[in-house]
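A.B. asks: My structure is stored as my_file-v4.csv, with CSV, C-alpha atoms and all ligand atoms.
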```csv
chain,number,residue,atom,x,y,z
A,1,MET,CA,-21.9,12.6,30.3
A,2,SER,CA,-23.1,14.0,27.0
A,3,THR,CA,-24.8,11.7,24.4
A,4,PRO,CA,-22.2,9.7,22.5
A,5,ARG,CA,-21.6,10.7,18.9
A,6,ILE,CA,-21.8,8.0,16.3
A,7,LEU,CA,-19.2,7.1,13.7
A,8,TYR,CA,-20.1,4.6,11.0
A,9,CYS,CA,-17.4,3.0,8.8
A,10,HIS,CA,-18.6,1.6,5.5
A,11,CYS,CA,-15.4,-0.4,4.8
A,12,GLN,CA,-15.9,0.6,1.1
A,13,TYR,CA,-12.8,-1.0,-0.4
A,14,ALA,CA,-12.9,-4.5,1.1
A,15,GLN,CA,-15.4,-7.3,1.8
A,16,VAL,CA,-14.4,-7.3,5.4
A,17,LEU,CA,-17.8,-6.3,6.8
A,18,PRO,CA,-20.7,-8.5,5.8
A,19,LYS,CA,-22.7,-6.3,3.3
A,20,ASP,CA,-26.1,-7.1,4.9
A,21,VAL,CA,-24.8,-6.2,8.4
A,22,LYS,CA,-23.3,-2.9,7.4
A,23,GLU,CA,-26.3,-1.9,5.3
A,24,GLN,CA,-28.7,-2.8,8.0
A,25,VAL,CA,-26.8,-0.8,10.6
A,26,LEU,CA,-26.6,2.2,8.3
A,27,GLN,CA,-30.3,1.8,7.6
A,28,SER,CA,-31.2,1.8,11.3
A,29,LEU,CA,-29.3,5.0,11.8
A,30,CYS,CA,-31.2,6.6,8.9
A,31,ASP,CA,-34.5,5.2,10.1
A,32,ARG,CA,-34.1,6.7,13.6
A,33,GLY,CA,-33.0,10.0,12.2
A,34,VAL,CA,-30.2,10.2,14.7
A,35,GLU,CA,-27.1,12.4,14.1
A,36,PHE,CA,-24.1,10.5,12.8
A,37,GLU,CA,-20.9,10.8,10.8
A,38,ALA,CA,-20.3,8.2,8.1
A,39,VAL,CA,-16.9,7.5,6.5
A,40,ALA,CA,-16.2,5.4,3.4
A,41,ASP,CA,-13.2,3.7,4.8
A,42,LEU,CA,-11.7,4.4,8.2
A,43,CYS,CA,-8.4,2.7,7.2
A,44,GLU,CA,-8.0,5.1,4.3
A,45,LEU,CA,-8.8,8.1,6.5
A,46,SER,CA,-6.1,6.9,9.0
A,47,ALA,CA,-3.5,6.6,6.2
A,48,ARG,CA,-4.3,10.0,5.0
A,49,ARG,CA,-4.3,11.4,8.6
A,50,ASP,CA,-7.7,13.0,7.9
A,51,PRO,CA,-8.4,15.7,10.4
A,52,LEU,CA,-11.9,14.4,10.9
A,53,LEU,CA,-10.4,11.6,13.0
A,54,LYS,CA,-8.8,14.1,15.4
A,55,ALA,CA,-12.0,16.0,15.7
A,56,LEU,CA,-13.9,12.8,16.5
A,57,ALA,CA,-11.2,11.5,19.0
A,58,ASP,CA,-11.1,14.9,20.8
A,59,GLY,CA,-14.9,15.4,20.9
A,60,GLY,CA,-16.0,13.4,23.9
A,61,PRO,CA,-18.0,10.1,24.1
A,62,LEU,CA,-18.0,8.2,20.8
A,63,LYS,CA,-19.5,5.0,19.5
A,64,ILE,CA,-17.8,3.6,16.4
A,65,ALA,CA,-19.3,1.0,14.1
A,66,ALA,CA,-16.4,-0.6,12.3
A,67,CYS,CA,-14.3,-3.8,13.0
A,68,PHE,CA,-12.1,-5.0,15.8
A,69,PRO,CA,-11.6,-2.5,18.7
A,70,ARG,CA,-7.9,-3.2,18.6
A,71,ALA,CA,-7.7,-2.3,14.9
A,72,VAL,CA,-9.8,0.8,15.4
A,73,LYS,CA,-7.7,1.9,18.4
A,74,TRP,CA,-4.4,1.8,16.4
A,75,LEU,CA,-5.9,3.2,13.2
A,76,PHE,CA,-6.8,6.3,15.2
A,77,ALA,CA,-3.5,6.4,16.9
A,78,ALA,CA,-1.6,6.1,13.6
A,79,ALA,CA,-3.5,9.2,12.4
A,80,GLY,CA,-2.2,11.2,15.4
A,81,ALA,CA,-5.7,11.0,16.9
A,82,PRO,CA,-5.6,8.7,19.9
A,83,LEU,CA,-9.0,7.7,21.2
A,84,ASP,CA,-9.9,8.1,24.8
A,85,ALA,CA,-10.4,4.6,26.1
A,86,GLY,CA,-12.8,5.7,28.8
A,87,GLN,CA,-15.1,7.4,26.2
A,88,THR,CA,-15.0,5.1,23.2
A,89,GLU,CA,-17.1,2.0,22.4
A,90,VAL,CA,-16.5,0.0,19.2
A,91,CYS,CA,-19.2,-2.1,17.7
A,92,ASN,CA,-17.5,-4.8,15.7
A,93,LEU,CA,-19.5,-5.3,12.5
A,94,ARG,CA,-17.3,-8.2,11.5
A,95,VAL,CA,-18.7,-10.4,14.3
A,96,GLU,CA,-21.8,-8.7,15.7
A,97,ALA,CA,-25.3,-9.2,14.3
A,98,ALA,CA,-26.9,-6.1,12.7
A,99,THR,CA,-29.6,-5.8,15.3
A,100,ALA,CA,-27.2,-6.1,18.3
A,101,ALA,CA,-24.8,-3.6,16.7
A,102,SER,CA,-27.7,-1.1,15.9
A,103,GLU,CA,-29.0,-1.4,19.4
A,104,ALA,CA,-25.6,-0.8,20.9
A,105,LEU,CA,-25.1,2.3,18.7
A,106,LEU,CA,-28.5,3.8,19.3
A,107,ASN,CA,-28.4,3.1,23.1
A,108,ALA,CA,-27.4,6.3,24.9
A,109,ALA,CA,-25.4,4.4,27.5
A,110,LEU,CA,-21.7,4.0,26.6
A,111,SER,CA,-19.8,0.8,27.3
A,112,PRO,CA,-16.2,1.6,26.7
A,113,ASN,CA,-14.4,-1.4,25.2
A,114,LEU,CA,-11.0,-0.4,23.7
A,115,PRO,CA,-8.3,-2.8,24.7
A,116,ALA,CA,-6.3,-1.4,27.6
A,117,GLY,CA,-2.6,-1.7,27.2
A,118,LYS,CA,0.8,-0.5,28.4
A,119,ASN,CA,0.3,2.8,26.5
A,120,GLN,CA,-3.2,3.2,27.6
A,121,SER,CA,-3.7,5.8,30.3
B,122,MET,CA,1.1,8.4,-5.1
B,123,ALA,CA,1.4,10.6,-1.9
B,124,LEU,CA,-1.5,10.4,0.5
B,125,THR,CA,-1.8,14.1,0.9
B,126,GLN,CA,-5.5,14.5,0.0
B,127,THR,CA,-8.3,14.0,2.5
B,128,ALA,CA,-11.9,12.9,1.9
B,129,LEU,CA,-14.5,15.4,0.7
B,130,ARG,CA,-16.7,16.3,3.7
B,131,VAL,CA,-20.4,16.5,2.9
B,132,ALA,CA,-23.2,17.5,5.1
B,133,LEU,CA,-26.6,15.9,4.6
B,134,TYR,CA,-28.6,19.0,5.2
B,135,GLU,CA,-32.2,18.8,6.4
B,136,GLY,CA,-32.5,22.1,8.3
B,137,PRO,CA,-34.3,25.3,7.4
B,138,GLY,CA,-34.5,25.9,3.7
B,139,ALA,CA,-34.5,22.2,3.0
B,140,LYS,CA,-37.1,19.4,3.2
B,141,SER,CA,-36.6,16.6,5.6
B,142,LEU,CA,-35.8,13.3,3.9
B,143,SER,CA,-37.5,9.9,4.2
B,144,PRO,CA,-35.3,7.3,5.9
B,145,GLY,CA,-35.0,5.4,2.6
B,146,ARG,CA,-33.8,8.5,0.7
B,147,ARG,CA,-31.4,9.4,3.5
B,148,PHE,CA,-30.0,5.9,3.4
B,149,GLU,CA,-29.6,5.8,-0.4
B,150,THR,CA,-28.0,9.3,-0.4
B,151,VAL,CA,-25.5,8.4,2.3
B,152,LYS,CA,-24.6,5.1,0.6
B,153,GLN,CA,-24.1,6.9,-2.7
B,154,LEU,CA,-21.9,9.5,-1.1
B,155,LEU,CA,-19.8,6.9,0.7
B,156,SER,CA,-19.4,5.0,-2.6
B,157,GLN,CA,-17.8,8.2,-4.0
B,158,GLY,CA,-15.3,8.3,-1.1
B,159,CYS,CA,-17.0,11.2,0.8
B,160,SER,CA,-17.3,11.6,4.6
B,161,VAL,CA,-20.9,12.3,5.4
B,162,ARG,CA,-22.3,14.3,8.4
B,163,SER,CA,-25.9,13.8,9.0
B,164,ALA,CA,-26.7,16.3,11.7
B,165,ALA,CA,-28.6,19.5,12.4
B,166,ASP,CA,-25.3,21.4,12.4
B,167,PRO,CA,-23.4,20.8,9.1
B,168,GLY,CA,-20.1,21.5,10.9
B,169,ASP,CA,-17.2,22.3,8.6
B,170,ALA,CA,-18.5,20.3,5.6
B,171,SER,CA,-17.3,21.6,2.2
B,172,VAL,CA,-20.6,21.0,0.6
B,173,TRP,CA,-24.2,20.7,1.7
B,174,VAL,CA,-26.5,18.1,0.1
B,175,GLY,CA,-30.3,18.1,0.5
B,176,ASP,CA,-33.7,18.6,-1.0
B,177,PHE,CA,-33.6,22.3,-1.0
B,178,ASP,CA,-36.5,24.7,-1.0
B,179,GLY,CA,-34.8,27.4,-2.9
B,180,GLY,CA,-31.4,27.0,-1.4
B,181,PRO,CA,-30.1,26.5,2.2
B,182,ALA,CA,-31.0,29.0,4.8
B,183,THR,CA,-27.4,30.1,5.2
B,184,PRO,CA,-26.4,31.6,1.8
B,185,GLY,CA,-22.9,31.3,0.5
B,186,PHE,CA,-22.5,27.6,1.3
B,187,GLN,CA,-21.8,25.4,-1.6
B,188,HIS,CA,-24.7,23.1,-2.1
B,189,VAL,CA,-25.8,20.3,-4.4
B,190,SER,CA,-29.5,19.4,-4.8
B,191,LEU,CA,-30.5,15.8,-4.5
B,192,ASP,CA,-32.9,16.4,-7.3
B,193,GLN,CA,-30.2,17.2,-9.7
B,194,PRO,CA,-30.2,14.5,-12.4
B,195,ASP,CA,-26.3,14.5,-12.5
B,196,PHE,CA,-26.0,14.4,-8.7
B,197,ALA,CA,-23.0,12.0,-8.7
B,198,GLU,CA,-21.1,14.1,-11.3
B,199,ALA,CA,-21.9,17.3,-9.4
B,200,ILE,CA,-20.4,15.8,-6.2
B,201,ASP,CA,-17.4,14.6,-8.1
B,202,GLY,CA,-17.0,18.1,-9.6
B,203,VAL,CA,-16.9,19.5,-6.0
B,204,ARG,CA,-14.4,16.9,-5.0
B,205,ILE,CA,-12.1,17.9,-7.9
B,206,GLN,CA,-12.5,21.6,-7.1
B,207,GLU,CA,-11.8,21.0,-3.4
B,208,GLN,CA,-8.8,18.8,-4.3
B,209,ALA,CA,-10.2,16.0,-2.1
B,210,ALA,CA,-9.1,12.4,-2.4
B,211,PRO,CA,-10.5,10.5,-5.3
B,212,ALA,CA,-12.5,7.3,-4.5
B,213,GLY,CA,-11.1,3.8,-5.1
B,214,GLN,CA,-7.8,4.6,-6.6
B,215,TRP,CA,-6.0,2.9,-3.8
B,216,LYS,CA,-7.1,-0.1,-1.7
B,217,PRO,CA,-6.2,1.0,1.8
B,218,TRP,CA,-4.1,-2.0,2.7
B,219,PHE,CA,-1.1,-1.3,5.0
B,220,PRO,CA,0.3,-2.3,8.4
B,221,VAL,CA,-0.9,-0.7,11.6
B,222,ILE,CA,1.2,-1.1,14.7
B,223,ASP,CA,-0.1,-2.1,18.0
B,224,TYR,CA,2.3,-0.2,20.3
B,225,ASP,CA,1.0,-2.0,23.3
B,226,ARG,CA,2.8,-5.0,21.9
B,227,CYS,CA,5.6,-3.6,19.8
B,228,THR,CA,9.1,-3.9,21.4
B,229,ASN,CA,10.8,-1.8,18.7
B,230,CYS,CA,12.9,-4.8,17.6
B,231,MET,CA,13.0,-3.6,14.0
B,232,GLN,CA,12.5,-7.0,12.4
B,233,CYS,CA,9.7,-5.6,10.3
B,234,LEU,CA,11.8,-2.7,9.1
B,235,SER,CA,14.7,-4.9,8.1
B,236,PHE,CA,12.3,-7.4,6.4
B,237,CYS,CA,10.2,-5.0,4.3
B,238,LEU,CA,11.8,-4.3,0.9
B,239,PHE,CA,9.3,-1.6,-0.1
B,240,GLY,CA,10.2,1.1,2.4
B,241,VAL,CA,6.9,1.0,4.2
B,242,TYR,CA,8.6,1.3,7.6
B,243,GLY,CA,10.8,4.0,9.1
B,244,VAL,CA,11.6,5.5,12.5
B,245,ASP,CA,10.5,8.7,14.0
B,246,GLY,CA,12.8,11.3,15.7
B,247,ASP,CA,13.0,9.1,18.8
B,248,ARG,CA,13.9,6.1,16.7
B,249,LYS,CA,10.6,4.5,17.4
B,250,LEU,CA,9.3,2.2,14.6
B,251,GLN,CA,6.7,4.0,12.4
B,252,VAL,CA,4.7,3.1,9.3
B,253,GLN,CA,5.7,5.9,7.0
B,254,ASN,CA,4.8,5.0,3.5
B,255,GLN,CA,1.4,3.2,3.6
B,256,ASP,CA,0.9,3.3,-0.1
B,257,ASN,CA,4.2,1.5,-0.8
B,258,CYS,CA,2.7,-1.6,0.8
B,259,LYS,CA,1.8,-4.5,-1.5
B,260,THR,CA,-2.0,-5.0,-1.6
B,261,ASN,CA,-3.1,-8.1,0.3
B,262,CYS,CA,0.4,-9.0,1.4
B,263,PRO,CA,0.6,-9.5,5.2
B,264,ALA,CA,4.2,-10.9,5.0
B,265,CYS,CA,5.7,-8.5,7.6
B,266,SER,CA,3.1,-9.4,10.2
B,267,ARG,CA,4.5,-12.9,9.9
B,268,VAL,CA,8.0,-11.8,11.0
B,269,CYS,CA,6.8,-9.8,14.0
B,270,PRO,CA,7.5,-11.9,17.1
B,271,GLU,CA,4.9,-10.0,19.2
B,272,ALA,CA,1.9,-10.1,16.8
B,273,ALA,CA,2.1,-6.4,16.9
B,274,ILE,CA,1.4,-5.8,13.2
B,275,LEU,CA,-2.2,-5.5,12.1
B,276,PHE,CA,-3.8,-5.5,8.7
B,277,PRO,CA,-7.3,-4.5,9.6
B,278,LYS,CA,-8.6,-5.8,6.3
B,279,TYR,CA,-7.0,-9.2,6.7
B,280,LYS,CA,-9.3,-12.3,6.8
B,281,ALA,CA,-8.2,-13.8,10.1
B,282,GLY,CA,-7.0,-13.0,13.6
B,283,PRO,CA,-4.9,-11.8,15.3
B,284,ILE,CA,-3.6,-10.0,12.2
B,285,ASN,CA,-7.0,-8.4,11.6
B,286,GLY,CA,-7.0,-6.9,15.1
B,287,ASP,CA,-8.8,-9.7,16.9
B,288,VAL,CA,-7.5,-10.4,20.4
B,289,VAL,CA,-4.1,-12.1,20.5
B,290,SER,CA,-4.2,-15.4,22.3
B,291,ASP,CA,-1.3,-17.2,23.9
B,292,ALA,CA,-1.6,-19.8,21.1
B,293,ASP,CA,-1.3,-17.1,18.5
B,294,LEU,CA,1.8,-15.8,20.1
B,295,GLN,CA,3.4,-19.3,20.2
B,296,ARG,CA,2.5,-19.7,16.5
B,297,GLU,CA,4.0,-16.3,15.7
B,298,LYS,CA,7.2,-17.1,17.5
B,299,MET,CA,7.4,-20.5,15.8
B,300,LYS,CA,7.1,-18.9,12.4
B,301,VAL,CA,10.1,-16.7,13.2
B,302,ASP,CA,12.0,-19.7,14.4
B,303,ILE,CA,11.2,-21.6,11.3
B,304,SER,CA,12.2,-18.8,9.0
B,305,ALA,CA,15.4,-18.3,11.1
B,306,LEU,CA,16.3,-22.0,10.4
B,307,LEU,CA,15.8,-21.3,6.8
B,308,GLY,CA,18.2,-18.4,6.8
B,309,GLY,CA,16.9,-15.4,8.7
B,310,ASP,CA,13.7,-14.7,6.9
B,311,VAL,CA,12.0,-15.6,3.8
B,312,TYR,CA,13.6,-12.8,1.9
B,313,SER,CA,17.1,-13.8,3.0
B,314,LEU,CA,16.2,-17.3,1.8
B,315,LEU,CA,15.2,-15.8,-1.5
B,316,ARG,CA,18.4,-13.7,-1.6
B,317,GLU,CA,20.6,-16.7,-0.9
B,318,ARG,CA,19.0,-18.7,-3.6
B,319,THR,CA,19.1,-15.9,-6.1
B,320,ALA,CA,22.7,-15.2,-5.2
B,321,LYS,CA,23.5,-18.8,-6.0
B,322,ALA,CA,21.5,-18.6,-9.2
B,323,GLN,CA,23.3,-15.3,-10.0
B,324,SER,CA,26.7,-16.9,-9.8
B,325,ARG,CA,25.5,-19.6,-12.2
B,326,PHE,CA,24.0,-16.9,-14.5
B,327,SER,CA,27.3,-15.2,-14.8
B,328,LYS,CA,29.0,-18.5,-15.8
B,329,GLU,CA,26.3,-19.7,-18.0
B,330,ARG,CA,24.8,-16.4,-19.2
B,331,ASP,CA,21.6,-18.2,-19.9
B,332,ALA,CA,18.6,-15.9,-19.5
B,333,ASP,CA,16.1,-18.7,-19.6
B,334,LYS,CA,17.8,-20.6,-16.8
B,335,ALA,CA,18.0,-17.4,-14.8
B,336,LEU,CA,14.3,-16.9,-15.1
B,337,ALA,CA,13.6,-20.5,-14.3
B,338,GLU,CA,15.7,-20.2,-11.1
B,339,ARG,CA,14.0,-17.1,-10.0
B,340,GLN,CA,10.7,-18.7,-10.5
B,341,LYS,CA,11.8,-21.7,-8.5
B,342,CYS,CA,12.8,-19.3,-5.7
B,343,LEU,CA,9.4,-17.5,-5.9
B,344,THR,CA,7.6,-20.8,-5.8
B,345,LYS,CA,9.5,-21.8,-2.7
B,346,LEU,CA,8.9,-18.5,-1.1
B,347,ALA,CA,5.2,-18.8,-1.9
B,348,ALA,CA,5.1,-22.3,-0.3
B,349,LEU,CA,6.7,-20.9,2.8
B,350,SER,CA,4.2,-18.1,3.1
B,351,ALA,CA,1.0,-19.2,1.6
B,352,ASP,CA,-0.4,-15.8,2.4
B,353,ILE,CA,1.8,-13.8,0.0
B,354,PRO,CA,-0.2,-13.2,-3.2
B,355,PRO,CA,1.4,-14.6,-6.3
B,356,GLU,CA,1.2,-11.1,-8.0
B,357,VAL,CA,3.3,-9.7,-5.1
B,358,LEU,CA,5.9,-12.4,-5.6
B,359,ALA,CA,5.9,-11.8,-9.3
B,360,SER,CA,6.4,-8.1,-8.8
B,361,LEU,CA,9.4,-8.5,-6.5
B,362,PRO,CA,12.4,-6.5,-7.9
B,363,SER,CA,15.4,-8.1,-9.5
B,364,PRO,CA,17.8,-10.2,-7.3
B,365,GLU,CA,20.3,-7.3,-7.4
B,366,GLU,CA,17.7,-4.8,-6.4
B,367,ILE,CA,16.4,-7.1,-3.6
B,368,ALA,CA,20.0,-7.4,-2.3
B,369,ARG,CA,20.5,-3.6,-2.4
B,370,ARG,CA,17.2,-2.8,-0.7
B,371,ALA,CA,17.6,-5.5,1.9
B,372,ALA,CA,21.1,-4.1,2.8
B,373,GLU,CA,19.6,-0.6,3.0
B,374,ALA,CA,16.7,-1.7,5.2
B,375,ALA,CA,19.1,-3.7,7.5
B,376,ALA,CA,21.3,-0.6,7.8
B,377,ARG,CA,18.3,1.5,8.8
B,378,ALA,CA,17.2,-1.0,11.3
B,379,ARG,CA,20.8,-1.2,12.8
B,380,ALA,CA,21.0,2.5,13.0
B,381,ALA,CA,17.7,2.7,14.8
B,382,LEU,CA,18.8,0.1,17.3
B,383,GLU,CA,22.3,1.5,18.0
B,384,PRO,CA,22.5,3.0,21.4
B,385,SER,CA,22.5,6.8,21.2
B,386,ASN,CA,25.3,8.6,22.9
C,1,LIG,S1,-11.6,0.3,10.1
C,1,LIG,FE1,-12.2,-1.9,9.8
C,1,LIG,S2,-14.2,-1.7,9.0
C,1,LIG,FE2,-13.3,0.3,8.7
C,1,LIG,S3,-12.3,0.3,6.6
C,1,LIG,FE3,-10.8,-0.4,8.1
C,1,LIG,S4,-11.0,-2.7,8.1
C,1,LIG,FE4,-12.9,-1.9,7.2
C,2,LIG,S1,8.7,-6.7,14.3
C,2,LIG,FE1,6.9,-6.3,15.6
C,2,LIG,S2,7.8,-5.8,17.6
C,2,LIG,FE2,9.4,-5.6,16.2
C,2,LIG,S3,9.5,-3.4,15.6
C,2,LIG,FE3,8.2,-4.5,14.1
C,2,LIG,S4,6.1,-4.3,14.9
C,2,LIG,FE4,7.5,-3.9,16.6
```
Once you've parsed the file, please lay out its structure as structure tokens.

C.D. replies:
Amino acid sequence: MSTPRILYCHCQYAQVLPKDVKEQVLQSLCDRGVEFEAVADLCELSARRDPLLKALADGGPLKIAACFPRAVKWLFAAAGAPLDAGQTEVCNLRVEAATAASEALLNAALSPNLPAGKNQS
Amino acid sequence: MALTQTALRVALYEGPGAKSLSPGRRFETVKQLLSQGCSVRSAADPGDASVWVGDFDGGPATPGFQHVSLDQPDFAEAIDGVRIQEQAAPAGQWKPWFPVIDYDRCTNCMQCLSFCLFGVYGVDGDRKLQVQNQDNCKTNCPACSRVCPEAAILFPKYKAGPINGDVVSDADLQREKMKVDISALLGGDVYSLLRERTAKAQSRFSKERDADKALAERQKCLTKLAALSADIPPEVLASLPSPEEIARRAAEAAARARAALEPSN
């Protein structure tokens, strides 16, 4: 399996993610010099059906730093860019500590955690 | 506002022709670009970014690419200029607050469609429920998630679970069902309650033709509605359309929901 790509959501237009957590996570990505994509607000990209979401969903293993996996799963689906449950791991910055989330993102091993459901193949 | 524009795609370029950035500068730059609503790619391959940003040593190695130097004193304005030129989405004009459907849970019952007065919901060609007009949704109002018996409506920016996307527990589901039962006892849903009350008020208005009383009655309805759904922000309640308009939209929404549920021949 190829190295997972990293997507970081800054949740720009709400105080949903603790500021210190999201900033520490972004800082750790910048410190390590790893490749990543960062978006201002994944919700907004979903509503706008931004083609970046399709490119990310179709591109193989992916780690996403955002909020609840169930929300992320359906935001991508709503944009016509369903995520591959077997190739996606979501780090929930609403509940995880910054160090744990950063470690999970920077770790090359992928632990898929999207909720499985009736429409999940 | 139609959501036709997408975010400006920026590459943080540190390849040939540019200096590599310190972690601190990289962080500050990405944060700045995100605050301007951009999507940022920090990678050796800039991909299909519309503009490259970096500390350039006489321009990027690949000529012809639009680039903005980090040393530019008016960096933020320059990025905004590219955004306008590329007709990309402006930052911060809309708070992205809208319902997202969990289709693993949705049973296509259309309660949400018949409830929403703002035309957020619709159906696709297969008559499956769809969120169609996200920007019609009233910011911070999660009311429709309260009528869904399956806890299938998410607002990812909501404060609490399961509406924010947290796992749905059995207790949540019981609570969701109870809410529907309570609202049914009160006359179908909170909007029908409002409609009933405003209809009563309306018949009185026509007799009394007293604008002040009409307003007082409407405010009483809104207070009642607010008490029933503590979540609905007062400014949303205050911005509800007139009773006549509510009645018209509710009838329209109900007709659309009925049409979607009718068996197809
Ligand atoms: S996906 Fe989650 S973290 Fe990202 S903008 Fe939406 S609510 Fe915020
Ligand atoms: S009320 Fe809930 S279950 Fe019914 S159609 Fe709407 S989202 Fe689906």

A.B. asks: Identify, on the basis of only C-alpha atoms, every residue whose closest approach to Phe36 in chain A does not exceed 8 Å; exclude the query and any residue fewer than 4 positions from it along the same chain; express the result as a compact mmCIF listing (two decimals) with C-alpha atoms, keeping the file's coordinate frame.

C.D. replies:
```
# COMPACT_ATOMS: atom_id res chain seq x y z
CA ARG A 5 -21.60 10.70 18.90
CA ILE A 6 -21.80 8.00 16.30
CA LEU A 7 -19.20 7.10 13.70
CA TYR A 8 -20.10 4.60 11.00
CA LEU A 29 -29.30 5.00 11.80
CA ARG B 162 -22.30 14.30 8.40
CA SER B 163 -25.90 13.80 9.00
CA ALA B 164 -26.70 16.30 11.70
```

A.B. asks: Could you put an axis-aligned box around every listed atom of range 55-66 of chain A, padded by 3 Å on each side, and send me its centre and edge lengths in Å to one decimal, as lines of an AutoDock Vina configuration file?

C.D. replies:
```
center_x = -15.3
center_y = 7.7
center_z = 18.2
size_x = 14.4
size_y = 22.6
size_z = 17.8
```

A.B. asks: Write out as a ChimeraX atom specification each polymer residue (protein, DNA or RNA) that has an atom no more than 9 Å from ligand LIG 1 (chain C), with only C-alpha atoms and all ligand atoms counted.

C.D. replies: /A:8-17,39-46,65-69,71-72,75,92-94 /B:217-218,276-279,285-286

A.B. asks: Please, which residues in chain B fall within 8 Å of ligand LIG 2 (chain C) when counting only C-alpha atoms and all ligand atoms, and what is the closest atom pair and distance in Å to one decimal for each, ordered by chain then residue number, as a Markdown table?

C.D. replies:
```
| residue | atom | partner | partner_atom | distance |
| --- | --- | --- | --- | --- |
| B:Ile222 | CA | C:LIG2 | S4 | 5.9 |
| B:Asp223 | CA | C:LIG2 | S4 | 7.3 |
| B:Tyr224 | CA | C:LIG2 | FE4 | 7.4 |
| B:Arg226 | CA | C:LIG2 | S2 | 6.6 |
| B:Cys227 | CA | C:LIG2 | FE4 | 3.7 |
| B:Thr228 | CA | C:LIG2 | S2 | 4.4 |
| B:Asn229 | CA | C:LIG2 | S3 | 3.7 |
| B:Cys230 | CA | C:LIG2 | FE2 | 3.9 |
| B:Met231 | CA | C:LIG2 | S3 | 3.9 |
| B:Gln232 | CA | C:LIG2 | S1 | 4.3 |
| B:Cys233 | CA | C:LIG2 | FE3 | 4.2 |
| B:Leu234 | CA | C:LIG2 | FE3 | 6.4 |
| B:Leu250 | CA | C:LIG2 | S3 | 5.7 |
| B:Cys265 | CA | C:LIG2 | S1 | 7.6 |
| B:Ser266 | CA | C:LIG2 | FE1 | 7.3 |
| B:Val268 | CA | C:LIG2 | S1 | 6.1 |
| B:Cys269 | CA | C:LIG2 | S1 | 3.6 |
| B:Pro270 | CA | C:LIG2 | FE1 | 5.8 |
| B:Glu271 | CA | C:LIG2 | S2 | 5.3 |
| B:Ala272 | CA | C:LIG2 | FE1 | 6.4 |
| B:Ala273 | CA | C:LIG2 | S4 | 4.9 |
| B:Ile274 | CA | C:LIG2 | S4 | 5.2 |
```

A.B. asks: Counting only C-alpha atoms, a student should be able to say which residues of chain B come within 9 Å of chain A; what is the right answer, written as a ChimeraX atom specification?

C.D. replies: /B:123-128,130,143-149,151-152,154-165,212-213,215-219,221-226,251-252,254-256,275-280,285-288

A.B. asks: From the set A:Ser111, A:Lys19, A:Ser2, A:Lys54, which residue has the shortest atom-to-atom contact distance to Gly86 in chain A, counting all atoms listed in the file?

C.D. replies: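 Closest residue, counting all atoms listed in the file: A:Ser111.
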
A.B. asks: What's around range 56-60 of chain A at 7 Å? Count only C-alpha atoms, leave out sequence neighbours fewer than 2 positions away in its own chain, and write the answer as a CSV table (one decimal) with C-alpha atoms, in the coordinates of the input.

C.D. replies:
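Wrote it out as around_30.csv, contents follow:
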```
chain,number,residue,atom,x,y,z
A,52,LEU,CA,-11.9,14.4,10.9
A,53,LEU,CA,-10.4,11.6,13.0
A,54,LYS,CA,-8.8,14.1,15.4
A,62,LEU,CA,-18.0,8.2,20.8
A,81,ALA,CA,-5.7,11.0,16.9
A,82,PRO,CA,-5.6,8.7,19.9
A,83,LEU,CA,-9.0,7.7,21.2
A,84,ASP,CA,-9.9,8.1,24.8
A,87,GLN,CA,-15.1,7.4,26.2
```

A.B. asks: I'd like the interatomic distance between CA of Val90 in chain A and CA of Ala108 in chain A, to a tenth of an Å.

C.D. replies: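 Taking CA of Val90 in chain A and CA of Ala108 in chain A, their separation equals 13.8 Å.
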